[in-house]
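These notes concern the structure reproduced below.
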Amino acid sequence: MQKQLTTVTDTLATWMQAAFTALYGEAIDVSGVGVVATGNAAFGDYQCNAAMGLAKVLKVAPRVIADRLVAEAPPHEAVARLEVAGPGFINIFLADAWLVSRVAALRGDPRGGVPQPGQGRTVVMDYSSPNIAKPMHIGHIRSTIIGNALDRMYRLLGYRVIADNHIGDWGTQFGIIIMGYRNFLDRTALEQSPIEELERVYVKSYERAKADEGWMTQCRRELVKLQAGDPENTALWKQFIALSLGEFARIYKRLGVAFDLVRGESFYNDRLAAMIALLEEKGLATISEGALCVFLEEDGLPVCIVRKSDGGYNYATSDLATVFSRVEEFAPEKIVYVTDERQQLHFKQFFTISRKLGVETRLDHVWFGLMRLPDATFSTRQGNVIKLEHLLDEAERRAFELISTSSPDMKEACRREVARAVGIGAVKYADLSQNPQTTVTFTWDKALALDGNSGPYLQYAYARIASVRDKYSERFPDGDLEAADLLLTGPAERDLMIRLLRFPEVVMRAADAYKPSMVADYLYELAQGYSSFYQNVPFLKAETGIRESRVLLCGVIAAVLRRGLDLLGIETPERI
Ligand code: ARG
């Protein structure tokens with residue numbers, strides 16, 4: 001097993017816990033004693049607020065406890081000094097030599113110092129999950145982008161991640177689509193743009209069914225035939241799936257997203273009856289007006305129908321069967337579902353029923369708000385449905401203009417390739433840099449801003465930092481960077497080193513909170529820290545030794561930026 005790195009917070013918390021135990025022994029519980037990074041160097045680099053909580057237990061003033069700890073704590077190589085502030089905060093100032101040695105250990109570490117607490121642990125991640133014969137809507141796009149970032153974060157932390165694209169390939173819409181397909185299909189359109197054409201016939205058939213009872217009856221009949229395994233309808237259904245998956249695959253490729261499994265809801269069909277039997281056996285289901293229902297009043301939730309009066313099963317039934325299958329097959333520590341906010345009730349209901357059925361695996365619903373898109377950019381047809389591909393095309397087109405302005409002498413093929421990475425990166429970053437649970441308004445100006453918190457800004461920062469090494473080699477062909485030492489010569493370097501060592505903690509906290517935006521914020525601040533470093537100290541003009549050290553530090557910063565952007569699924573071209 002690989003050597004596990006400890007984060008700065010863990011190192012300091014362990015030390016503080018031992019120091020408090022040495023002073024007060026069994027009288028206190030130190031398991032909650034921790035430290036937090038400070039925002040202001042005047043209050044130290046990290047701070048421990050434990051004296052406040054312990055004061056209540058020990059019935060001693062917090063300031064007295066903090067003073068005693070500072071006076072008696074055993075020395076630690078990471079710590080230069082301690083100070084007590086305010087009512088009893090313990091400010092921790094890190095030792096420069098230790099900082100340098102820790103950052104030096106990051107040189108050449110492709111993991112950016114991130115430990116692997118997930119080793120031997122499994123997480124199932126259910127994301128993207130669009131519906132067959134319908135275009136992906138903005139909810140599926142956000143689910144794909146956010147879900148994939150979480151997937152990447154958990155993998156970096158050492159988890160075995162089972163990324164499952166739980167596509168909606170079974171449901172009442174198929175009767176309607178089959179009728180639409182038989183009556184309204186335009187073959188040429190189907191060849192050119194299958195999902196669009198399938199959706200067109202779906203909408204047309206749906207509208208007709210709403211107005212025409214006879215049509216509706218025929219749709220239902222086709223659905224029943226499909227469910228009974230009618231060969232002709234089954235063949236059509238399979239064709240719809242193949243066409244849709246083909247189109248989805250193109251989008252996933254553009255987004256750099258890959259799944260371990262693509263199991264549709266239909267995969268669990270033959271488990272549905274057993275699910276119902278289990279619900280009945282446990283006395284959880286009651287017939288009401290012909291439908292089989294699980295009443296969840298005592299849990300403060302509305303009733304959940306698990307079998308309709310016509311015998312059809314519901315979304316919740318399918319998800320229940322899916323949980324059992326996943327638990328059996330993968331024994332995951334948790335299952336994470338990423339969808340838009342409109343499904344909160346569904347997940348609450350089926351999580352609650354899962355518990356009642358004895359599922360112990362942790363189930364988490366990660367939901368996000370809707371994203372408002374620039375209307376003029378899309379030909380919006382039905383309701384909120386937009387096509388992601390138009391968004392990506394437009395992003396690449398705009399990025400190409402940007403790059404052609406900033407690097408006119410770059411070969412066109414190169415500019416196209418960089419524009420692809422920058423355009424896609426801009427769209428992803430615009431999504432991921434926001435707290436997922438707020439309504440986000442997407443604007444091109446913000447997404448592509450070179451001077452603000454955007455994907456392109458970070459990609460440019462990366463390319464600039466990475467080029468420092470090349471410039472160095474050009475100017476000092478005999479310089480030996482490998483042999484050089486990392487030095488800490490001033491506050492700007494110190495600040496950057498502390499930031500670099502926070503990366504692993506940020507990844508762990510972001511994964512835990514399911515918030516890729518925490519990684520984005522961190523990267524933006526790191527890039528800003530680098531900018532002020534770059535503006536305030538000489539690099540190539542610095543004296544020998546210091547020069548090499550600064551170039552080395554740039555290398556570590558570039559590596560962490562790259563690692564971090566990769567977690568967000570954003571590529572880092574070496575030249576922009
Ligand atoms: N296909 C569903 C939809 O588009 C999302 C599925 C989410 N995953 C799940 N296991 N329910 O609304």
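Each chain in the structure tokens gets a letter, A, B, ..., in the order shown, and its residues are numbered from 1; ligands are numbered from 1 in order too.
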**OP:** Give the residues close to ligand 1, within 10 Å, counting only C-alpha atoms and all ligand atoms; write them as a PyMOL selection string.
**Re:** chain A and resi 125-132+134+136-137+139-140+143+164-170+264-265+315-316+318-320+322-323+335-340+342-343+346-347+350+365
Let's have the selection written as a short mmCIF file (atom, residue, chain, number, x, y, z; two decimals), in the first residue's frame, with N, CA and C atoms.
```cif
data_model
loop_
_atom_site.label_atom_id
_atom_site.label_comp_id
_atom_site.auth_asym_id
_atom_site.auth_seq_id
_atom_site.Cartn_x
_atom_site.Cartn_y
_atom_site.Cartn_z
N MET A 125 -22.09 5.99 -8.27
CA MET A 125 -22.54 7.34 -8.63
C MET A 125 -23.48 7.26 -9.81
N ASP A 126 -24.68 7.72 -9.60
CA ASP A 126 -25.75 7.66 -10.58
C ASP A 126 -25.90 9.08 -11.12
N TYR A 127 -25.42 9.33 -12.31
CA TYR A 127 -25.54 10.69 -12.85
C TYR A 127 -25.73 10.70 -14.36
N SER A 128 -26.09 11.87 -14.85
CA SER A 128 -26.45 12.11 -16.24
C SER A 128 -27.85 11.55 -16.49
N SER A 129 -27.97 10.23 -16.66
CA SER A 129 -29.27 9.54 -16.66
C SER A 129 -30.37 10.23 -17.48
N PRO A 130 -30.11 10.51 -18.75
CA PRO A 130 -31.15 11.11 -19.59
C PRO A 130 -32.20 10.07 -19.97
N ASN A 131 -33.24 10.53 -20.64
CA ASN A 131 -34.31 9.63 -21.05
C ASN A 131 -34.22 9.33 -22.54
N ILE A 132 -34.55 8.11 -22.88
CA ILE A 132 -34.49 7.68 -24.27
C ILE A 132 -35.52 8.42 -25.11
N LYS A 134 -35.62 11.38 -25.99
CA LYS A 134 -35.83 12.78 -25.65
C LYS A 134 -34.47 13.44 -25.60
N MET A 136 -31.39 15.61 -24.17
CA MET A 136 -30.97 15.93 -22.82
C MET A 136 -31.43 17.35 -22.54
N HIS A 137 -32.03 17.57 -21.40
CA HIS A 137 -32.34 18.96 -21.05
C HIS A 137 -31.26 19.48 -20.12
N GLY A 139 -31.09 20.03 -17.12
CA GLY A 139 -30.91 19.25 -15.89
C GLY A 139 -29.96 18.09 -16.10
N HIS A 140 -30.09 17.39 -17.23
CA HIS A 140 -29.20 16.26 -17.50
C HIS A 140 -27.78 16.74 -17.75
N SER A 143 -26.31 17.54 -14.46
CA SER A 143 -26.06 16.27 -13.76
C SER A 143 -24.80 15.61 -14.31
N ASP A 164 -22.63 4.99 -12.97
CA ASP A 164 -23.72 4.32 -13.66
C ASP A 164 -24.66 5.34 -14.29
N ASN A 165 -24.77 5.28 -15.60
CA ASN A 165 -25.69 6.15 -16.31
C ASN A 165 -27.05 5.45 -16.35
N HIS A 166 -27.91 5.88 -15.45
CA HIS A 166 -29.19 5.18 -15.24
C HIS A 166 -30.24 5.76 -16.20
N ILE A 167 -30.13 5.41 -17.45
CA ILE A 167 -30.98 6.04 -18.45
C ILE A 167 -32.45 5.63 -18.31
N GLY A 168 -33.31 6.57 -18.65
CA GLY A 168 -34.75 6.31 -18.58
C GLY A 168 -35.20 5.63 -19.87
N ASP A 169 -35.17 4.30 -19.84
CA ASP A 169 -35.49 3.56 -21.07
C ASP A 169 -36.75 2.73 -20.91
N TRP A 170 -37.57 3.07 -19.92
CA TRP A 170 -38.77 2.28 -19.69
C TRP A 170 -39.81 3.21 -19.12
N GLY A 264 -30.06 0.87 -18.14
CA GLY A 264 -31.30 1.62 -18.11
C GLY A 264 -32.20 1.10 -17.01
N GLU A 265 -33.28 1.82 -16.80
CA GLU A 265 -34.28 1.36 -15.83
C GLU A 265 -34.76 -0.05 -16.19
N TYR A 315 -41.72 5.04 -11.08
CA TYR A 315 -40.32 5.45 -10.97
C TYR A 315 -39.72 4.99 -9.62
N ALA A 316 -40.49 5.18 -8.54
CA ALA A 316 -39.97 4.81 -7.22
C ALA A 316 -39.72 3.30 -7.13
N SER A 318 -38.98 1.28 -9.50
CA SER A 318 -37.79 0.99 -10.28
C SER A 318 -36.53 1.36 -9.50
N ASP A 319 -36.56 2.52 -8.83
CA ASP A 319 -35.39 2.92 -8.05
C ASP A 319 -35.16 2.01 -6.85
N LEU A 320 -36.25 1.51 -6.25
CA LEU A 320 -36.09 0.58 -5.13
C LEU A 320 -35.39 -0.70 -5.60
N THR A 322 -33.49 -1.01 -8.09
CA THR A 322 -32.11 -0.67 -8.47
C THR A 322 -31.19 -0.65 -7.25
N VAL A 323 -31.69 -0.09 -6.13
CA VAL A 323 -30.88 -0.05 -4.91
C VAL A 323 -30.50 -1.47 -4.48
N ILE A 335 -24.47 5.31 -2.15
CA ILE A 335 -24.92 5.51 -3.52
C ILE A 335 -25.31 6.98 -3.63
N VAL A 336 -24.77 7.64 -4.64
CA VAL A 336 -24.98 9.07 -4.79
C VAL A 336 -25.76 9.32 -6.07
N TYR A 337 -26.86 10.07 -5.97
CA TYR A 337 -27.70 10.37 -7.13
C TYR A 337 -27.62 11.85 -7.43
N VAL A 338 -27.34 12.19 -8.66
CA VAL A 338 -27.22 13.60 -9.02
C VAL A 338 -28.34 13.98 -10.00
N THR A 339 -29.27 14.79 -9.55
CA THR A 339 -30.35 15.25 -10.45
C THR A 339 -30.74 16.68 -10.10
N ASP A 340 -31.64 17.24 -10.88
CA ASP A 340 -32.08 18.60 -10.56
C ASP A 340 -33.04 18.60 -9.37
N ARG A 342 -36.00 19.28 -8.85
CA ARG A 342 -37.39 18.87 -8.93
C ARG A 342 -37.62 17.43 -8.46
N GLN A 343 -36.54 16.68 -8.28
CA GLN A 343 -36.72 15.28 -7.87
C GLN A 343 -36.50 15.05 -6.37
N HIS A 346 -39.12 12.77 -4.73
CA HIS A 346 -38.96 11.37 -5.16
C HIS A 346 -37.87 10.68 -4.35
N PHE A 347 -36.73 11.34 -4.24
CA PHE A 347 -35.61 10.69 -3.53
C PHE A 347 -35.90 10.56 -2.04
N PHE A 350 -38.25 7.51 -1.77
CA PHE A 350 -37.73 6.17 -1.98
C PHE A 350 -36.56 5.84 -1.05
N HIS A 365 -28.84 12.18 -2.09
CA HIS A 365 -29.32 12.87 -3.30
C HIS A 365 -28.60 14.21 -3.40
#
```
Near range 59-83 of chain A, 9 Å: range 88-192 of chain A residue rows, closest pairs, only C-alpha atoms, as CSV:
```
residue,atom,partner,partner_atom,distance
A:Gly88,CA,A:Arg63,CA,4.1
A:Phe89,CA,A:Ala66,CA,7.0
A:Ile90,CA,A:Glu83,CA,5.7
A:Asn91,CA,A:Glu83,CA,5.1
A:Ile92,CA,A:Leu82,CA,4.9
A:Phe93,CA,A:Arg81,CA,5.4
A:Leu94,CA,A:Val79,CA,4.5
A:Ala95,CA,A:Ala80,CA,4.3
A:Asp96,CA,A:Ala80,CA,7.7
A:Ala97,CA,A:Ala78,CA,8.2
A:Trp98,CA,A:Ala78,CA,5.3
A:Leu99,CA,A:Ala78,CA,7.3
```
Subject >> Shortest interatomic distance to Asp431 in chain A - which of A:Ile138, A:Ala274, A:Leu296, A:Ala22, counting only C-alpha atoms >> reply: A:Ile138
Original post:
Hey, what does DSSP flag as alpha helix (DSSP H) within range 230-434 of chain A? Can you give it to me as a VMD selection string?
Top reply: chain A and resid 231 to 255 272 to 281 315 to 330 344 to 356 388 to 406 412 to 432
Original post:
Closest to Leu243 in chain A among A:Asp212, A:Asp230, A:Glu191, A:Glu281, using only C-alpha atoms?
Top reply: A:Glu191
Original post:
Quick one: of A:Thr439, A:Thr317, A:Thr9, A:Ser549, who's nearest to Arg469 in chain A, counting only C-alpha atoms?
Top reply: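 Closest to Arg469 in chain A of all the choices is A:Ser549.
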Please, which residues in range 433-467 of chain A fall within 12 Å of range 563-573 of chain A when counting only C-alpha atoms, and what is the closest atom pair and distance in Å to one decimal for each, ordered by chain then residue number, as JSON lines?
```
{"residue": "A:Ser433", "atom": "CA", "partner": "A:Leu568", "partner_atom": "CA", "distance": 9.3}
{"residue": "A:Ser454", "atom": "CA", "partner": "A:Ile570", "partner_atom": "CA", "distance": 11.4}
{"residue": "A:Gly455", "atom": "CA", "partner": "A:Ile570", "partner_atom": "CA", "distance": 7.8}
{"residue": "A:Pro456", "atom": "CA", "partner": "A:Thr572", "partner_atom": "CA", "distance": 9.6}
{"residue": "A:Tyr457", "atom": "CA", "partner": "A:Thr572", "partner_atom": "CA", "distance": 11.2}
{"residue": "A:Leu458", "atom": "CA", "partner": "A:Leu565", "partner_atom": "CA", "distance": 8.2}
{"residue": "A:Gln459", "atom": "CA", "partner": "A:Thr572", "partner_atom": "CA", "distance": 5.7}
{"residue": "A:Tyr460", "atom": "CA", "partner": "A:Thr572", "partner_atom": "CA", "distance": 8.6}
{"residue": "A:Ala461", "atom": "CA", "partner": "A:Thr572", "partner_atom": "CA", "distance": 9.8}
{"residue": "A:Tyr462", "atom": "CA", "partner": "A:Thr572", "partner_atom": "CA", "distance": 7.0}
{"residue": "A:Ala463", "atom": "CA", "partner": "A:Pro573", "partner_atom": "CA", "distance": 6.8}
{"residue": "A:Arg464", "atom": "CA", "partner": "A:Pro573", "partner_atom": "CA", "distance": 10.5}
{"residue": "A:Ile465", "atom": "CA", "partner": "A:Thr572", "partner_atom": "CA", "distance": 11.5}
{"residue": "A:Ala466", "atom": "CA", "partner": "A:Pro573", "partner_atom": "CA", "distance": 9.9}
{"residue": "A:Ser467", "atom": "CA", "partner": "A:Pro573", "partner_atom": "CA", "distance": 11.2}
```
**OP:** Name the residues in contact with Glu525 in chain A at a cut-off of 12 Å, using only C-alpha atoms, excluding same-chain residues fewer than 2 positions from it; report them as an MDAnalysis selection string.
**Re:** chainID A and resid 39 452:454 457:458 461 495:496 499:500 502:503 518:523 527:532 557 561
**OP:** Please return as a ChimeraX atom specification: the residues of range 337-414 of chain A that backbone DSSP assigns to strand (DSSP E).
**Re:** /A:337-340,362-368,371-372
Would you put the residues from that selection into a file with all heavy atoms, as a compact mmCIF listing (two decimals), in the first residue's frame?
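File again.txt, as written:
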```txt
# COMPACT_ATOMS: atom_id res chain seq x y z
N TYR A 337 -26.86 10.07 -5.97
CA TYR A 337 -27.70 10.37 -7.13
C TYR A 337 -27.62 11.85 -7.43
O TYR A 337 -27.80 12.67 -6.52
CB TYR A 337 -29.17 10.04 -6.83
CG TYR A 337 -29.42 8.60 -6.43
CD1 TYR A 337 -29.18 8.17 -5.13
CD2 TYR A 337 -29.90 7.68 -7.35
CE1 TYR A 337 -29.41 6.85 -4.75
CE2 TYR A 337 -30.15 6.36 -6.98
CZ TYR A 337 -29.89 5.96 -5.68
OH TYR A 337 -30.12 4.66 -5.32
N VAL A 338 -27.34 12.19 -8.66
CA VAL A 338 -27.22 13.60 -9.02
C VAL A 338 -28.34 13.98 -10.00
O VAL A 338 -28.36 13.51 -11.14
CB VAL A 338 -25.84 13.89 -9.67
CG1 VAL A 338 -25.64 15.38 -9.89
CG2 VAL A 338 -24.71 13.31 -8.82
N THR A 339 -29.27 14.79 -9.55
CA THR A 339 -30.35 15.25 -10.45
C THR A 339 -30.74 16.68 -10.10
O THR A 339 -30.28 17.23 -9.11
CB THR A 339 -31.66 14.41 -10.31
OG1 THR A 339 -32.38 14.88 -9.17
CG2 THR A 339 -31.39 12.93 -10.21
N ASP A 340 -31.64 17.24 -10.88
CA ASP A 340 -32.08 18.60 -10.56
C ASP A 340 -33.04 18.60 -9.37
O ASP A 340 -33.52 17.56 -8.93
CB ASP A 340 -32.64 19.31 -11.80
CG ASP A 340 -33.98 18.77 -12.25
OD1 ASP A 340 -34.90 18.69 -11.40
OD2 ASP A 340 -34.12 18.42 -13.43
N ARG A 362 -25.71 4.00 2.82
CA ARG A 362 -26.04 5.42 2.80
C ARG A 362 -26.48 5.83 1.40
O ARG A 362 -25.84 5.47 0.40
CB ARG A 362 -24.79 6.21 3.21
CG ARG A 362 -25.04 7.67 3.35
CD ARG A 362 -23.86 8.35 3.99
NE ARG A 362 -23.76 9.68 3.43
CZ ARG A 362 -22.74 10.50 3.66
NH1 ARG A 362 -21.73 10.09 4.40
NH2 ARG A 362 -22.73 11.69 3.12
N LEU A 363 -27.58 6.57 1.32
CA LEU A 363 -28.11 7.02 0.02
C LEU A 363 -28.14 8.55 0.05
O LEU A 363 -28.73 9.15 0.94
CB LEU A 363 -29.52 6.48 -0.21
CG LEU A 363 -29.70 4.96 -0.09
CD1 LEU A 363 -31.17 4.59 -0.17
CD2 LEU A 363 -28.92 4.23 -1.18
N ASP A 364 -27.47 9.19 -0.88
CA ASP A 364 -27.44 10.65 -0.89
C ASP A 364 -27.96 11.20 -2.21
O ASP A 364 -27.57 10.74 -3.28
CB ASP A 364 -25.99 11.15 -0.71
CG ASP A 364 -25.49 11.00 0.71
OD1 ASP A 364 -26.34 10.99 1.64
OD2 ASP A 364 -24.27 10.88 0.91
N HIS A 365 -28.84 12.18 -2.09
CA HIS A 365 -29.32 12.87 -3.30
C HIS A 365 -28.60 14.21 -3.40
O HIS A 365 -28.72 15.05 -2.51
CB HIS A 365 -30.83 13.09 -3.21
CG HIS A 365 -31.38 13.79 -4.42
ND1 HIS A 365 -32.45 14.64 -4.38
CD2 HIS A 365 -31.00 13.74 -5.72
CE1 HIS A 365 -32.70 15.10 -5.61
NE2 HIS A 365 -31.83 14.57 -6.43
N VAL A 366 -27.84 14.39 -4.44
CA VAL A 366 -27.17 15.66 -4.69
C VAL A 366 -28.03 16.38 -5.72
O VAL A 366 -28.14 15.93 -6.85
CB VAL A 366 -25.77 15.44 -5.28
CG1 VAL A 366 -25.11 16.77 -5.62
CG2 VAL A 366 -24.90 14.63 -4.31
N TRP A 367 -28.67 17.46 -5.31
CA TRP A 367 -29.53 18.16 -6.26
C TRP A 367 -28.98 19.55 -6.56
O TRP A 367 -28.21 20.10 -5.79
CB TRP A 367 -30.97 18.24 -5.76
CG TRP A 367 -31.16 18.89 -4.42
CD1 TRP A 367 -31.17 18.26 -3.21
CD2 TRP A 367 -31.34 20.28 -4.16
NE1 TRP A 367 -31.36 19.18 -2.21
CE2 TRP A 367 -31.48 20.43 -2.77
CE3 TRP A 367 -31.43 21.42 -4.96
CZ2 TRP A 367 -31.68 21.67 -2.15
CZ3 TRP A 367 -31.62 22.67 -4.36
CH2 TRP A 367 -31.74 22.77 -2.97
N PHE A 368 -29.38 20.04 -7.67
CA PHE A 368 -28.89 21.36 -8.08
C PHE A 368 -30.05 22.13 -8.67
O PHE A 368 -31.04 21.56 -9.13
CB PHE A 368 -27.76 21.23 -9.10
CG PHE A 368 -28.09 20.27 -10.21
CD1 PHE A 368 -28.84 20.69 -11.30
CD2 PHE A 368 -27.71 18.94 -10.14
CE1 PHE A 368 -29.18 19.81 -12.29
CE2 PHE A 368 -28.05 18.04 -11.14
CZ PHE A 368 -28.79 18.49 -12.23
N MET A 371 -30.36 26.13 -14.40
CA MET A 371 -29.43 27.13 -14.91
C MET A 371 -30.14 27.91 -16.00
O MET A 371 -30.72 27.32 -16.90
CB MET A 371 -28.19 26.45 -15.47
CG MET A 371 -27.14 27.45 -15.90
SD MET A 371 -25.81 26.65 -16.78
CE MET A 371 -24.59 26.52 -15.52
N ARG A 372 -30.08 29.22 -15.88
CA ARG A 372 -30.68 30.04 -16.94
C ARG A 372 -29.66 30.26 -18.03
O ARG A 372 -28.52 30.61 -17.76
CB ARG A 372 -31.14 31.38 -16.36
CG ARG A 372 -32.45 31.23 -15.65
CD ARG A 372 -33.22 32.54 -15.63
NE ARG A 372 -33.96 32.57 -14.38
CZ ARG A 372 -33.53 33.18 -13.29
NH1 ARG A 372 -32.40 33.86 -13.29
NH2 ARG A 372 -34.22 33.14 -12.19
```
Subject >> Pick from A:Lys348, A:Leu278, A:Phe267, A:Glu394, whichever lies nearest to Leu301 in chain A using only C-alpha atoms >> reply: A:Lys348
**OP:** Give me the residues within 8 Å of Glu197 in chain A as a list in words, counting only C-alpha atoms and dropping any in the same chain fewer than 4 places off.
**Re:** Leu185, Asp186, Ala189, Leu190, Ser193 and Val201 of chain A
Subject >> Residues within 7 Å of range 216-222 of chain A, only C-alpha atoms, excluding chain neighbours under 6 positions, as a count of residues only >> reply: 4
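Of note, CA of Ile305 in chain A and CA of Leu292 in chain A are spaced 5.9 Å apart.
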Subject >> Among listed residues A:Asn314, A:Thr361, A:Thr352, A:Asn269, nearest Val123 in chain A (using only C-alpha atoms) >> reply: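 Distance minimum relative to Val123 in chain A lands on A:Thr361.
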